[in-house]
>>> print(open('upload_25.cif').read())   # mmCIF, C-alpha atoms
data_target
loop_
_atom_site.label_atom_id
_atom_site.label_comp_id
_atom_site.auth_asym_id
_atom_site.auth_seq_id
_atom_site.Cartn_x
_atom_site.Cartn_y
_atom_site.Cartn_z
CA MET A 1 43.19 20.45 11.13
CA LEU A 2 43.38 17.15 12.97
CA THR A 3 46.62 16.33 14.71
CA ASN A 4 48.29 12.99 14.06
CA ARG A 5 47.23 11.84 17.50
CA GLU A 6 43.56 12.81 16.90
CA PHE A 7 43.57 11.16 13.49
CA SER A 8 45.12 7.97 14.86
CA ALA A 9 42.62 7.80 17.71
CA LEU A 10 39.63 8.27 15.39
CA ALA A 11 40.98 5.87 12.77
CA GLU A 12 41.67 3.19 15.35
CA ARG A 13 38.27 3.61 17.00
CA TYR A 14 36.13 3.69 13.84
CA LEU A 15 38.04 1.75 11.18
CA ASN A 16 35.95 -1.41 11.70
CA LEU A 17 32.70 0.58 11.70
CA VAL A 18 33.62 2.27 8.41
CA TYR A 19 34.56 -1.09 6.90
CA ARG A 20 31.28 -2.72 7.99
CA VAL A 21 29.22 0.18 6.61
CA ALA A 22 31.15 0.03 3.35
CA LEU A 23 30.76 -3.74 3.13
CA ASN A 24 27.01 -3.37 3.59
CA CYS A 25 26.90 -0.78 0.83
CA VAL A 26 29.15 -2.36 -1.78
CA GLY A 27 28.94 -6.07 -0.94
CA SER A 28 32.56 -6.79 -1.82
CA PRO A 29 35.39 -7.04 0.70
CA ALA A 30 37.89 -5.61 -1.78
CA ASP A 31 35.62 -2.67 -2.61
CA ALA A 32 34.91 -2.15 1.08
CA ASP A 33 38.67 -1.92 1.65
CA ASP A 34 38.88 0.76 -1.05
CA VAL A 35 35.98 2.72 0.44
CA THR A 36 37.50 2.44 3.91
CA GLN A 37 40.85 3.68 2.65
CA ASN A 38 39.25 6.62 0.83
CA THR A 39 37.22 7.48 3.92
CA MET A 40 40.32 7.45 6.11
CA LEU A 41 42.15 9.65 3.58
CA ARG A 42 39.28 12.12 3.74
CA LEU A 43 39.55 12.04 7.54
CA LEU A 44 43.28 12.70 7.32
CA ARG A 45 42.65 15.71 5.05
CA GLN A 46 39.78 17.01 7.20
CA LYS A 47 40.59 20.63 7.94
CA GLU A 48 38.06 21.24 10.70
CA GLY A 49 37.86 19.42 13.98
CA PHE A 50 34.74 17.69 15.22
CA GLN A 51 32.33 19.03 17.82
CA SER A 52 32.09 15.70 19.59
CA GLU A 53 32.85 12.02 19.32
CA GLU A 54 29.36 11.38 17.94
CA HIS A 55 29.87 14.10 15.33
CA ALA A 56 33.06 12.38 14.15
CA LYS A 57 31.31 8.99 14.02
CA ARG A 58 28.40 10.37 12.01
CA TRP A 59 30.77 12.19 9.66
CA LEU A 60 32.71 8.98 9.01
CA ILE A 61 29.54 6.99 8.30
CA ARG A 62 28.27 9.68 5.95
CA VAL A 63 31.60 9.81 4.09
CA ALA A 64 31.68 5.98 3.86
CA VAL A 65 28.17 5.94 2.39
CA ASN A 66 29.07 8.66 -0.11
CA GLU A 67 32.32 6.92 -1.09
CA SER A 68 30.37 3.68 -1.52
CA LYS A 69 27.85 5.38 -3.79
CA ARG A 70 30.68 6.91 -5.81
CA LEU A 71 32.29 3.52 -6.23
CA LEU A 72 29.04 1.80 -7.17
CA THR A 73 28.25 4.34 -9.86
CA ALA A 74 31.71 4.15 -11.44
CA PRO A 75 31.37 3.10 -15.08
CA TRP A 76 34.00 0.37 -14.78
CA ARG A 77 32.08 -1.41 -12.03
CA ARG A 78 30.45 -4.45 -13.59
CA HIS A 79 31.38 -7.33 -11.27
CA THR A 80 29.58 -8.95 -8.37
CA VAL A 81 30.56 -11.06 -5.39
CA THR A 82 28.71 -14.16 -4.32
CA LEU A 83 27.26 -14.49 -0.85
CA GLU A 84 29.64 -17.38 -0.19
CA GLU A 85 32.66 -15.16 -0.89
CA LEU A 86 31.30 -12.47 1.40
CA ALA A 87 30.40 -14.91 4.16
CA ALA A 88 33.92 -16.34 3.99
CA VAL A 89 35.49 -13.06 5.13
CA LEU A 90 32.99 -12.33 7.89
CA PRO A 91 33.41 -13.83 11.35
CA GLY A 92 31.96 -17.31 11.71
CA GLU A 93 28.56 -17.60 13.28
CA ASP A 94 26.19 -20.40 14.19
CA ARG A 95 23.87 -21.86 11.58
CA GLU A 96 20.99 -19.52 12.37
CA GLY A 97 23.31 -16.52 12.36
CA GLN A 98 24.71 -17.60 9.00
CA GLU A 99 21.21 -17.97 7.53
CA LEU A 100 20.27 -14.53 8.81
CA LEU A 101 23.48 -13.03 7.41
CA GLU A 102 22.86 -14.55 3.98
CA ALA A 103 19.26 -13.34 4.03
CA VAL A 104 20.28 -9.80 5.01
CA LEU A 105 23.05 -9.70 2.39
CA SER A 106 20.64 -10.83 -0.31
CA LEU A 107 18.35 -7.86 0.33
CA PRO A 108 18.49 -4.86 -1.99
CA GLY A 109 20.82 -2.14 -0.68
CA LYS A 110 18.01 0.25 0.12
CA TYR A 111 16.81 -2.22 2.77
CA ARG A 112 20.13 -3.78 3.78
CA LEU A 113 21.95 -0.65 4.99
CA PRO A 114 19.09 0.80 7.09
CA LEU A 115 18.62 -2.62 8.75
CA TYR A 116 22.34 -2.82 9.49
CA LEU A 117 22.54 0.68 10.96
CA TYR A 118 19.40 0.12 13.04
CA TYR A 119 20.09 -3.33 14.45
CA TYR A 120 23.88 -3.59 14.48
CA GLU A 121 24.99 0.00 15.07
CA GLY A 122 22.05 1.07 17.22
CA TYR A 123 20.99 4.18 15.30
CA GLN A 124 17.45 5.51 15.55
CA VAL A 125 15.26 6.08 12.51
CA GLY A 126 15.83 9.84 12.45
CA GLU A 127 19.58 9.41 12.70
CA ILE A 128 19.61 6.88 9.86
CA GLY A 129 17.60 9.33 7.79
CA GLU A 130 20.24 11.99 8.36
CA LEU A 131 23.10 9.61 7.58
CA LEU A 132 21.53 8.34 4.36
CA SER A 133 19.90 11.64 3.31
CA ARG A 134 16.44 10.11 3.53
CA ARG A 135 13.29 11.18 5.30
CA PRO A 136 12.54 9.33 8.55
CA SER A 137 9.27 8.07 7.05
CA THR A 138 11.26 6.59 4.15
CA VAL A 139 13.63 4.88 6.58
CA GLN A 140 10.70 3.47 8.55
CA THR A 141 9.16 2.12 5.36
CA GLN A 142 12.46 0.60 4.27
CA LEU A 143 12.95 -1.02 7.68
CA ALA A 144 9.43 -2.47 7.60
CA ARG A 145 9.80 -3.75 4.04
CA GLY A 146 13.26 -5.12 4.77
CA ARG A 147 11.93 -7.00 7.81
CA GLU A 148 9.07 -8.38 5.76
CA LEU A 149 11.45 -9.55 3.02
CA LEU A 150 13.70 -11.16 5.65
CA LYS A 151 10.74 -12.91 7.25
CA LYS A 152 9.58 -14.21 3.88
CA GLN A 153 13.06 -15.42 2.91
CA LEU A 154 13.71 -17.12 6.23
CA THR A 155 10.34 -18.89 6.31
CA GLU A 156 10.89 -20.16 2.76
CA VAL A 157 14.40 -21.38 3.62
CA ASN A 158 13.17 -23.16 6.73
CA GLY A 159 10.25 -24.75 4.87
CA ARG A 160 7.59 -22.99 6.92
CA GLY A 161 6.21 -20.92 4.09
#
>>> encode(input="upload_25.cif", output="structure tokens")
Amino acid sequence: MLTNREFSALAERYLNLVYRVALNCVGSPADADDVTQNTMLRLLRQKEGFQSEEHAKRWLIRVAVNESKRLLTAPWRRHTVTLEELAAVLPGEDREGQELLEAVLSLPGKYRLPLYLYYYEGYQVGEIGELLSRRPSTVQTQLARGRELLKKQLTEVNGRG
């Protein structure tokens, strides 16, 4: 069982990471808050300690993904959030960064989350496969297709396509 000090340290260190993963999965800041809260409650109730810092980080990402999936499959979930609403709660970026953010957020979830974990969190393909319960070859394909979709969207937006 985690002590209060261990829980507090892990929660403080990984709260933003869990929120960002959840936001990438569910697309709504309010839903991401719910997923983050549920993930932290699961951490608080965790009976076994973690082997390492990386083990705790991976566990939290996995739980956040699972909680996101649970939320998205709930029968009452029938609402969406516009990209403008989502962009309003994320830190301000330059024009190019904002275009990239909107393009990434408009991707289907199966491409959006692997791209986020790869480029923003620094995970390797095999690690993403473990976190998302997908084969590495599937993750590689999703990364390649996601990049291609991003390239297509960005060239169309910039009038080069």
>>> closest_residue(input="upload_25.cif", among="A:Arg45, A:Lys151, A:Ser52, A:Val65", to="Tyr19 (chain A)", atoms="all atoms listed in the file")
A:Val65
>>> resolve_selection(input="upload_25.cif", expression="the PyMOL selection byres ((chain A and resi 153) around 10)", output="list in words")
Glu99, Leu100, Glu102, Ala103, Val104, Ser106, Leu107, Arg147, Glu148, Leu149, Leu150, Lys151, Lys152, Leu154, Thr155, Glu156, Val157, Asn158, Gly159 and Gly161 of chain A
>>> closest_residue(input="upload_25.cif", among="A:Thr3, A:Ser68, A:Ser133, A:Ser28", to="Gln46 (chain A)", atoms="only C-alpha atoms")
A:Thr3
>>> resolve_selection(input="upload_25.cif", expression="the PyMOL selection byres ((chain A and resi 115) around 12)", output="VMD selection string")
chain A and resid 21 24 to 25 101 103 to 105 107 to 114 116 to 125 128 139 to 150
>>> atom_distance(input="upload_25.cif", atom1="CA of Arg42 (chain A)", atom2="CA of Trp59 (chain A)")
10.4 Å
>>> resolve_selection(input="upload_25.cif", expression="the PyMOL selection byres ((chain A and resi 63) around 10)", output="ChimeraX atom specification")
/A:18,22,35-36,38-40,42-43,57-62,64-69,131
>>> atom_distance(input="upload_25.cif", atom1="CA of Gln98 (chain A)", atom2="CA of Leu15 (chain A)")
23.6 Å
>>> atom_distance(input="upload_25.cif", atom1="CA of Arg134 (chain A)", atom2="CA of Asn16 (chain A)")
24.1 Å
